[in-house]
>>> print(open('query24.pdb').read())   # PDB, C-alpha atoms, pLDDT in the B column
MODEL        1
ATOM      1  CA  MET A  14     -76.217 -16.043  21.577  1.00 46.00           C
ATOM      2  CA  THR A  15     -72.872 -17.274  22.776  1.00 47.00           C
ATOM      3  CA  THR A  16     -70.417 -14.531  23.596  1.00 45.00           C
ATOM      4  CA  PRO A  17     -67.112 -15.084  21.815  1.00 44.00           C
ATOM      5  CA  GLY A  18     -64.249 -15.844  24.152  1.00 46.00           C
ATOM      6  CA  PRO A  19     -60.909 -14.063  24.095  1.00 44.00           C
ATOM      7  CA  ILE A  20     -58.750 -14.648  21.039  1.00 43.00           C
ATOM      8  CA  ASP A  21     -55.661 -16.744  21.696  1.00 50.00           C
ATOM      9  CA  ARG A  22     -52.745 -14.873  20.140  1.00 43.00           C
ATOM     10  CA  SER A  23     -50.014 -17.015  21.694  1.00 48.00           C
ATOM     11  CA  ALA A  24     -49.208 -18.572  18.316  1.00 51.00           C
ATOM     12  CA  ASP A  25     -49.843 -15.386  16.334  1.00 52.00           C
ATOM     13  CA  PRO A  26     -47.345 -12.553  16.881  1.00 54.00           C
ATOM     14  CA  THR A  27     -48.943  -9.189  17.541  1.00 64.00           C
ATOM     15  CA  PRO A  28     -48.612  -6.459  14.927  1.00 63.00           C
ATOM     16  CA  ARG A  29     -46.200  -4.690  17.277  1.00 65.00           C
ATOM     17  CA  ALA A  30     -43.989  -7.789  17.507  1.00 59.00           C
ATOM     18  CA  LYS A  31     -44.047  -8.175  13.734  1.00 51.00           C
ATOM     19  CA  ARG A  32     -43.054  -4.545  13.289  1.00 63.00           C
ATOM     20  CA  SER A  33     -40.255  -5.016  15.800  1.00 64.00           C
ATOM     21  CA  ASP A  34     -38.953  -8.090  13.959  1.00 67.00           C
ATOM     22  CA  ALA A  35     -39.126  -6.275  10.629  1.00 67.00           C
ATOM     23  CA  LYS A  36     -37.198  -3.330  12.091  1.00 72.00           C
ATOM     24  CA  ARG A  37     -34.475  -5.614  13.439  1.00 76.00           C
ATOM     25  CA  ASN A  38     -34.194  -7.349  10.072  1.00 80.00           C
ATOM     26  CA  GLU A  39     -33.898  -4.024   8.288  1.00 87.00           C
ATOM     27  CA  GLN A  40     -31.222  -2.844  10.731  1.00 87.00           C
ATOM     28  CA  ALA A  41     -29.254  -6.050  10.095  1.00 89.00           C
ATOM     29  CA  LEU A  42     -29.441  -5.442   6.340  1.00 92.00           C
ATOM     30  CA  LEU A  43     -28.257  -1.852   6.784  1.00 93.00           C
ATOM     31  CA  ASP A  44     -25.373  -2.959   9.004  1.00 92.00           C
ATOM     32  CA  ALA A  45     -24.314  -5.453   6.345  1.00 94.00           C
ATOM     33  CA  ALA A  46     -24.666  -2.924   3.523  1.00 93.00           C
ATOM     34  CA  ALA A  47     -22.690  -0.291   5.441  1.00 90.00           C
ATOM     35  CA  ALA A  48     -19.841  -2.740   6.049  1.00 91.00           C
ATOM     36  CA  VAL A  49     -19.742  -3.726   2.378  1.00 92.00           C
ATOM     37  CA  PHE A  50     -19.879  -0.109   1.200  1.00 88.00           C
ATOM     38  CA  VAL A  51     -16.888   0.784   3.401  1.00 83.00           C
ATOM     39  CA  THR A  52     -14.726  -1.925   1.837  1.00 84.00           C
ATOM     40  CA  GLU A  53     -16.177  -2.183  -1.688  1.00 85.00           C
ATOM     41  CA  GLY A  54     -17.820   1.195  -2.327  1.00 83.00           C
ATOM     42  CA  VAL A  55     -21.487   2.081  -2.913  1.00 84.00           C
ATOM     43  CA  ASP A  56     -21.476   0.305  -6.275  1.00 86.00           C
ATOM     44  CA  ALA A  57     -20.794  -3.052  -4.629  1.00 90.00           C
ATOM     45  CA  PRO A  58     -22.974  -5.913  -5.944  1.00 93.00           C
ATOM     46  CA  VAL A  59     -26.124  -6.562  -3.948  1.00 93.00           C
ATOM     47  CA  ARG A  60     -24.988 -10.182  -3.851  1.00 94.00           C
ATOM     48  CA  LEU A  61     -22.151  -9.243  -1.466  1.00 95.00           C
ATOM     49  CA  ILE A  62     -24.567  -7.478   0.866  1.00 94.00           C
ATOM     50  CA  ALA A  63     -26.943 -10.450   0.830  1.00 93.00           C
ATOM     51  CA  GLU A  64     -24.081 -12.842   1.600  1.00 94.00           C
ATOM     52  CA  ARG A  65     -22.883 -10.727   4.518  1.00 94.00           C
ATOM     53  CA  ALA A  66     -26.423 -10.380   5.897  1.00 92.00           C
ATOM     54  CA  GLY A  67     -27.166 -14.085   5.378  1.00 91.00           C
ATOM     55  CA  VAL A  68     -30.290 -13.440   3.314  1.00 90.00           C
ATOM     56  CA  GLY A  69     -31.378 -13.769  -0.300  1.00 90.00           C
ATOM     57  CA  MET A  70     -31.124 -10.828  -2.689  1.00 91.00           C
ATOM     58  CA  GLY A  71     -34.915 -10.777  -2.921  1.00 92.00           C
ATOM     59  CA  THR A  72     -35.096  -9.837   0.758  1.00 90.00           C
ATOM     60  CA  ILE A  73     -32.922  -6.802   0.151  1.00 92.00           C
ATOM     61  CA  TYR A  74     -34.978  -5.704  -2.849  1.00 92.00           C
ATOM     62  CA  ARG A  75     -38.194  -6.025  -0.829  1.00 92.00           C
ATOM     63  CA  HIS A  76     -36.831  -3.566   1.712  1.00 91.00           C
ATOM     64  CA  PHE A  77     -34.963  -1.340  -0.752  1.00 93.00           C
ATOM     65  CA  PRO A  78     -36.276  -1.626  -4.342  1.00 93.00           C
ATOM     66  CA  THR A  79     -33.529   0.543  -5.865  1.00 90.00           C
ATOM     67  CA  ARG A  80     -29.851   1.215  -5.191  1.00 89.00           C
ATOM     68  CA  PRO A  81     -30.489   4.928  -4.444  1.00 87.00           C
ATOM     69  CA  ALA A  82     -33.030   3.876  -1.803  1.00 90.00           C
ATOM     70  CA  LEU A  83     -30.503   1.479  -0.278  1.00 91.00           C
ATOM     71  CA  VAL A  84     -27.640   3.976  -0.283  1.00 89.00           C
ATOM     72  CA  ALA A  85     -29.802   6.736   1.236  1.00 89.00           C
ATOM     73  CA  ALA A  86     -31.029   4.342   3.945  1.00 92.00           C
ATOM     74  CA  VAL A  87     -27.460   3.248   4.754  1.00 91.00           C
ATOM     75  CA  TYR A  88     -26.414   6.906   4.904  1.00 90.00           C
ATOM     76  CA  GLN A  89     -29.153   7.722   7.430  1.00 92.00           C
ATOM     77  CA  HIS A  90     -28.394   4.541   9.360  1.00 91.00           C
ATOM     78  CA  GLN A  91     -24.727   5.506   9.679  1.00 91.00           C
ATOM     79  CA  VAL A  92     -25.589   9.053  10.737  1.00 94.00           C
ATOM     80  CA  GLU A  93     -27.767   7.720  13.544  1.00 95.00           C
ATOM     81  CA  ALA A  94     -25.082   5.211  14.568  1.00 94.00           C
ATOM     82  CA  LEU A  95     -22.501   8.009  14.791  1.00 96.00           C
ATOM     83  CA  ALA A  96     -24.891  10.244  16.711  1.00 97.00           C
ATOM     84  CA  GLU A  97     -25.474   7.499  19.269  1.00 97.00           C
ATOM     85  CA  ALA A  98     -21.790   6.549  19.390  1.00 97.00           C
ATOM     86  CA  GLY A  99     -20.677   9.946  20.720  1.00 97.00           C
ATOM     87  CA  PRO A 100     -22.228   9.776  24.193  1.00 97.00           C
ATOM     88  CA  ALA A 101     -21.773   5.997  24.304  1.00 97.00           C
ATOM     89  CA  LEU A 102     -17.996   6.307  23.776  1.00 97.00           C
ATOM     90  CA  LEU A 103     -17.763   8.960  26.482  1.00 96.00           C
ATOM     91  CA  ARG A 104     -19.453   6.594  28.927  1.00 96.00           C
ATOM     92  CA  GLU A 105     -17.599   3.440  27.917  1.00 96.00           C
ATOM     93  CA  LEU A 106     -14.041   4.737  27.537  1.00 95.00           C
ATOM     94  CA  GLY A 107     -13.974   7.227  30.391  1.00 91.00           C
ATOM     95  CA  ASP A 108     -11.382   9.235  28.417  1.00 94.00           C
ATOM     96  CA  PRO A 109     -12.896  12.053  26.324  1.00 94.00           C
ATOM     97  CA  ALA A 110      -9.807  12.422  24.139  1.00 94.00           C
ATOM     98  CA  ALA A 111      -9.836   8.698  23.313  1.00 96.00           C
ATOM     99  CA  ALA A 112     -13.590   8.912  22.709  1.00 97.00           C
ATOM    100  CA  LEU A 113     -13.106  11.749  20.224  1.00 97.00           C
ATOM    101  CA  GLN A 114     -10.366   9.819  18.395  1.00 97.00           C
ATOM    102  CA  ARG A 115     -12.540   6.690  18.193  1.00 97.00           C
ATOM    103  CA  TRP A 116     -15.525   8.713  16.977  1.00 98.00           C
ATOM    104  CA  ALA A 117     -13.396  10.457  14.350  1.00 97.00           C
ATOM    105  CA  ALA A 118     -12.232   7.051  13.065  1.00 95.00           C
ATOM    106  CA  GLY A 119     -15.891   6.026  12.668  1.00 94.00           C
ATOM    107  CA  PHE A 120     -16.595   9.307  10.901  1.00 95.00           C
ATOM    108  CA  VAL A 121     -13.841   8.521   8.376  1.00 92.00           C
ATOM    109  CA  GLU A 122     -15.548   5.212   7.536  1.00 86.00           C
ATOM    110  CA  PHE A 123     -18.874   7.006   7.174  1.00 88.00           C
ATOM    111  CA  LEU A 124     -17.376   9.452   4.671  1.00 87.00           C
ATOM    112  CA  VAL A 125     -16.726   6.573   2.265  1.00 74.00           C
ATOM    113  CA  THR A 126     -20.493   6.201   1.889  1.00 72.00           C
ATOM    114  CA  LYS A 127     -21.090   9.956   1.865  1.00 77.00           C
ATOM    115  CA  HIS A 128     -18.708  10.531  -1.027  1.00 74.00           C
ATOM    116  CA  GLY A 129     -20.624   8.033  -3.153  1.00 72.00           C
ATOM    117  CA  LEU A 130     -24.019   9.451  -2.254  1.00 73.00           C
ATOM    118  CA  ALA A 131     -24.325  12.022  -5.043  1.00 70.00           C
ATOM    119  CA  GLY A 132     -23.436   9.477  -7.719  1.00 76.00           C
ATOM    120  CA  ALA A 133     -25.852   6.900  -6.308  1.00 77.00           C
ATOM    121  CA  LEU A 134     -28.760   9.355  -6.176  1.00 76.00           C
ATOM    122  CA  GLY A 135     -28.110  10.576  -9.716  1.00 73.00           C
ATOM    123  CA  SER A 136     -30.004  13.740 -10.597  1.00 71.00           C
ATOM    124  CA  ASP A 137     -31.826  13.987  -7.251  1.00 77.00           C
ATOM    125  CA  THR A 138     -29.972  17.119  -6.122  1.00 82.00           C
ATOM    126  CA  GLN A 139     -32.682  18.012  -3.609  1.00 85.00           C
ATOM    127  CA  GLY A 140     -32.395  14.577  -2.031  1.00 81.00           C
ATOM    128  CA  VAL A 141     -28.614  14.935  -1.699  1.00 83.00           C
ATOM    129  CA  ASN A 142     -28.958  18.396  -0.154  1.00 87.00           C
ATOM    130  CA  THR A 143     -31.634  17.214   2.288  1.00 89.00           C
ATOM    131  CA  LEU A 144     -29.506  14.298   3.458  1.00 88.00           C
ATOM    132  CA  HIS A 145     -26.454  16.535   3.806  1.00 88.00           C
ATOM    133  CA  GLN A 146     -28.357  19.000   5.989  1.00 92.00           C
ATOM    134  CA  TYR A 147     -29.679  16.131   8.091  1.00 93.00           C
ATOM    135  CA  PHE A 148     -26.112  14.906   8.546  1.00 92.00           C
ATOM    136  CA  VAL A 149     -24.869  18.365   9.620  1.00 94.00           C
ATOM    137  CA  ASP A 150     -27.768  18.999  12.010  1.00 96.00           C
ATOM    138  CA  ARG A 151     -27.417  15.569  13.617  1.00 97.00           C
ATOM    139  CA  LEU A 152     -23.646  15.201  13.924  1.00 97.00           C
ATOM    140  CA  VAL A 153     -22.206  18.666  14.538  1.00 97.00           C
ATOM    141  CA  PRO A 154     -23.698  18.859  18.068  1.00 97.00           C
ATOM    142  CA  VAL A 155     -22.271  15.393  18.821  1.00 97.00           C
ATOM    143  CA  CYS A 156     -18.789  16.444  17.695  1.00 97.00           C
ATOM    144  CA  ASP A 157     -19.122  19.688  19.679  1.00 95.00           C
ATOM    145  CA  ASP A 158     -19.904  17.721  22.844  1.00 95.00           C
ATOM    146  CA  LEU A 159     -16.975  15.343  22.320  1.00 95.00           C
ATOM    147  CA  LEU A 160     -14.586  18.207  21.645  1.00 94.00           C
ATOM    148  CA  ASP A 161     -15.777  20.149  24.697  1.00 92.00           C
ATOM    149  CA  ALA A 162     -15.422  17.084  26.916  1.00 93.00           C
ATOM    150  CA  ALA A 163     -11.926  16.319  25.588  1.00 92.00           C
ATOM    151  CA  LEU A 164     -10.743  19.906  26.158  1.00 90.00           C
ATOM    152  CA  GLU A 165     -12.477  20.652  29.463  1.00 80.00           C
ATOM    153  CA  PRO A 166     -11.395  22.886  31.152  1.00 73.00           C
ATOM    154  CA  HIS A 167      -8.819  24.006  28.567  1.00 69.00           C
ATOM    155  CA  ALA A 168     -11.031  24.844  25.581  1.00 63.00           C
ATOM    156  CA  SER A 169     -10.079  28.103  23.850  1.00 61.00           C
ATOM    157  CA  GLY A 170     -13.140  28.007  21.583  1.00 71.00           C
ATOM    158  CA  GLN A 171     -11.062  28.511  18.444  1.00 80.00           C
ATOM    159  CA  VAL A 172     -11.982  25.140  16.923  1.00 89.00           C
ATOM    160  CA  SER A 173     -15.616  24.002  16.722  1.00 92.00           C
ATOM    161  CA  GLY A 174     -17.074  20.607  15.968  1.00 95.00           C
ATOM    162  CA  TYR A 175     -18.116  21.886  12.539  1.00 95.00           C
ATOM    163  CA  MET A 176     -14.567  23.027  11.758  1.00 95.00           C
ATOM    164  CA  LEU A 177     -13.099  19.711  12.860  1.00 96.00           C
ATOM    165  CA  MET A 178     -15.592  17.733  10.776  1.00 96.00           C
ATOM    166  CA  ARG A 179     -14.876  19.884   7.712  1.00 95.00           C
ATOM    167  CA  GLY A 180     -11.168  19.328   8.226  1.00 96.00           C
ATOM    168  CA  ILE A 181     -11.651  15.564   8.473  1.00 95.00           C
ATOM    169  CA  GLY A 182     -13.829  15.630   5.372  1.00 93.00           C
ATOM    170  CA  ASN A 183     -11.163  17.463   3.378  1.00 93.00           C
ATOM    171  CA  LEU A 184      -8.545  14.897   4.389  1.00 92.00           C
ATOM    172  CA  CYS A 185     -10.825  12.108   3.169  1.00 88.00           C
ATOM    173  CA  ILE A 186     -11.624  13.515  -0.282  1.00 83.00           C
ATOM    174  CA  VAL A 187      -8.992  11.333  -1.956  1.00 74.00           C
ATOM    175  CA  GLY A 188     -10.645   8.214  -0.539  1.00 65.00           C
ATOM    176  CA  ASP A 189      -8.979   4.897  -1.352  1.00 65.00           C
ATOM    177  CA  SER A 190      -7.880   5.885  -4.852  1.00 69.00           C
ATOM    178  CA  ASP A 191      -4.238   6.307  -3.765  1.00 77.00           C
ATOM    179  CA  SER A 192      -2.712   3.408  -1.845  1.00 81.00           C
ATOM    180  CA  ARG A 193       0.100   5.690  -0.633  1.00 88.00           C
ATOM    181  CA  TYR A 194      -2.378   7.971   1.145  1.00 89.00           C
ATOM    182  CA  ASP A 195      -3.661   7.061   4.627  1.00 91.00           C
ATOM    183  CA  ALA A 196      -6.574   9.337   5.482  1.00 89.00           C
ATOM    184  CA  ALA A 197      -7.300   7.594   8.790  1.00 91.00           C
ATOM    185  CA  ARG A 198      -3.727   8.211   9.985  1.00 94.00           C
ATOM    186  CA  LEU A 199      -3.858  11.883   9.026  1.00 94.00           C
ATOM    187  CA  VAL A 200      -7.225  12.323  10.736  1.00 95.00           C
ATOM    188  CA  SER A 201      -5.789  10.825  13.922  1.00 96.00           C
ATOM    189  CA  LEU A 202      -2.909  13.310  13.756  1.00 96.00           C
ATOM    190  CA  LEU A 203      -5.343  16.167  13.056  1.00 96.00           C
ATOM    191  CA  VAL A 204      -7.453  15.361  16.122  1.00 96.00           C
ATOM    192  CA  ALA A 205      -4.365  15.027  18.305  1.00 94.00           C
ATOM    193  CA  GLY A 206      -3.077  18.345  16.991  1.00 93.00           C
ATOM    194  CA  VAL A 207      -6.384  20.115  17.640  1.00 91.00           C
ATOM    195  CA  LEU A 208      -6.454  18.859  21.216  1.00 90.00           C
ATOM    196  CA  THR A 209      -2.858  19.894  21.849  1.00 87.00           C
ATOM    197  CA  GLY A 210      -3.239  23.256  20.143  1.00 77.00           C
ATOM    198  CA  GLU A 211      -6.475  24.167  21.885  1.00 68.00           C
ATOM    199  CA  ARG A 212      -5.021  23.345  25.291  1.00 65.00           C
ATOM    200  CA  HIS A 213      -1.937  25.388  24.486  1.00 62.00           C
ATOM    201  CA  ASN A 214      -3.963  28.384  23.308  1.00 61.00           C
ATOM    202  CA  SER A 215      -6.079  28.344  26.463  1.00 56.00           C
ATOM    203  CA  ASP A 216      -3.013  28.413  28.731  1.00 57.00           C
ATOM    204  CA  PRO A 217      -2.328  32.042  29.752  1.00 51.00           C
ATOM    205  CA  GLU A 218       1.328  31.181  30.316  1.00 55.00           C
ATOM    206  CA  SER A 219       1.765  29.765  26.811  1.00 49.00           C
ATOM    207  CA  GLY A 220       1.880  33.182  25.204  1.00 49.00           C
TER     208      GLY A 220
ENDMDL
END
>>> encode(input="query24.pdb", output="structure tokens")
Amino acid sequence: MTTPGPIDRSADPTPRAKRSDAKRNEQALLDAAAAVFVTEGVDAPVRLIAERAGVGMGTIYRHFPTRPALVAAVYQHQVEALAEAGPALLRELGDPAAALQRWAAGFVEFLVTKHGLAGALGSDTQGVNTLHQYFVDRLVPVCDDLLDAALEPHASGQVSGYMLMRGIGNLCIVGDSDSRYDAARLVSLLVAGVLTGERHNSDPESG
């Protein structure tokens, strides 16, 4: 009996390579969907997402059969992007205060998707609560680290990452419904004020 020789897989991608390609394609779709949601809202036509991603609508539906599935996936994708952005901004900018401001601006964009999450998921209250807890658990430590780095060695400990994120969230509740209201500008002022106030409170000569 002739022993079979090795299989030539040079023209046949390995399962791992296929999985890697599929993951990259999915990430590209989520990037496109996130960008469209920021400008058009979570009810934006799938056609706009497909055009931005450079794919057919069928490709999007194969990955995400329903709008709730797409919105939830974009939400998780943005959470992970923000979580990774924190330490990356600290390394790249070399200025913790600037890194915190840049991260806060990204957080404002993320909140556009977050505010539409409940409506997109409909009656799935448990799903909304699970995603919210995931968001808190993942991002509060990142904001804490950025805040600590920006205030070092002046931190008074009176403002936490959770408090800052809640404050930003409250400023963004109005969303884009009022053209006279600029949430991003107010968030920038809030962050600057927190940094100034915390440094002042930690200075023993300030009292």
>>> atom_distance(input="query24.pdb", atom1="CA of Pro154 (chain A)", atom2="CA of Leu102 (chain A)")
14.9 Å
>>> resolve_selection(input="query24.pdb", expression="the PyMOL selection byres ((chain A and resi 58-62) around 6)", output="list in words")
Ala45, Ala46, Ala57, Ala63, Glu64 and Arg65 of chain A
>>> atom_distance(input="query24.pdb", atom1="CA of Asp44 (chain A)", atom2="CA of Ala94 (chain A)")
9.9 Å
>>> closest_atom_pairs(input="query24.pdb", of="region 73-129 of chain A", to="region 172-184 of chain A", cutoff="8 Å", atoms="only C-alpha atoms", output="CSV")
residue,atom,partner,partner_atom,distance
A:Ala117,CA,A:Ile181,CA,8.0
A:Val121,CA,A:Ile181,CA,7.4
A:Leu124,CA,A:Gly182,CA,7.2
>>> residues_near_point(input="query24.pdb", point="(-30.1, 5.6, 4.0)", cutoff="10 Å", atoms="all atoms listed in the file", output="short mmCIF file (atom, residue, chain, number, x, y, z; two decimals) with C-alpha atoms, in the coordinates of the input")
data_model
loop_
_atom_site.label_atom_id
_atom_site.label_comp_id
_atom_site.auth_asym_id
_atom_site.auth_seq_id
_atom_site.Cartn_x
_atom_site.Cartn_y
_atom_site.Cartn_z
CA LEU A 43 -28.26 -1.85 6.78
CA ALA A 47 -22.69 -0.29 5.44
CA PHE A 77 -34.96 -1.34 -0.75
CA PRO A 81 -30.49 4.93 -4.44
CA ALA A 82 -33.03 3.88 -1.80
CA LEU A 83 -30.50 1.48 -0.28
CA VAL A 84 -27.64 3.98 -0.28
CA ALA A 85 -29.80 6.74 1.24
CA ALA A 86 -31.03 4.34 3.94
CA VAL A 87 -27.46 3.25 4.75
CA TYR A 88 -26.41 6.91 4.90
CA GLN A 89 -29.15 7.72 7.43
CA HIS A 90 -28.39 4.54 9.36
CA GLN A 91 -24.73 5.51 9.68
CA VAL A 92 -25.59 9.05 10.74
CA THR A 126 -20.49 6.20 1.89
CA LEU A 130 -24.02 9.45 -2.25
CA LEU A 144 -29.51 14.30 3.46
#
>>> atom_distance(input="query24.pdb", atom1="CA of Val155 (chain A)", atom2="CA of Leu113 (chain A)")
10.0 Å
>>> closest_residue(input="query24.pdb", among="A:Leu159, A:Ile186, A:Leu203, A:Ala196", to="Ala111 (chain A)", atoms="all atoms listed in the file")
A:Leu159
>>> closest_residue(input="query24.pdb", among="A:Val153, A:Ala197, A:Ala110, A:Ala205", to="Glu165 (chain A)", atoms="all atoms listed in the file")
A:Ala110
>>> residues_near_point(input="query24.pdb", point="(-9.8, 9.4, 26.0)", cutoff="12 Å", atoms="all atoms listed in the file", output="ChimeraX atom specification")
/A:102-116,159-160,162-164,204-205,208
>>> closest_residue(input="query24.pdb", among="A:Leu152, A:Val187, A:Val55, A:Ala66", to="Gly132 (chain A)", atoms="all atoms listed in the file")
A:Val55
>>> closest_residue(input="query24.pdb", among="A:Thr209, A:Arg193, A:Gly99, A:Gly54", to="Lys127 (chain A)", atoms="all atoms listed in the file")
A:Gly54
>>> closest_residue(input="query24.pdb", among="A:Val207, A:Val141, A:Ala131, A:Val125", to="Ala48 (chain A)", atoms="only C-alpha atoms")
A:Val125
>>> closest_residue(input="query24.pdb", among="A:Ala96, A:Ala118, A:Val68, A:Cys156", to="Val200 (chain A)", atoms="all atoms listed in the file")
A:Ala118
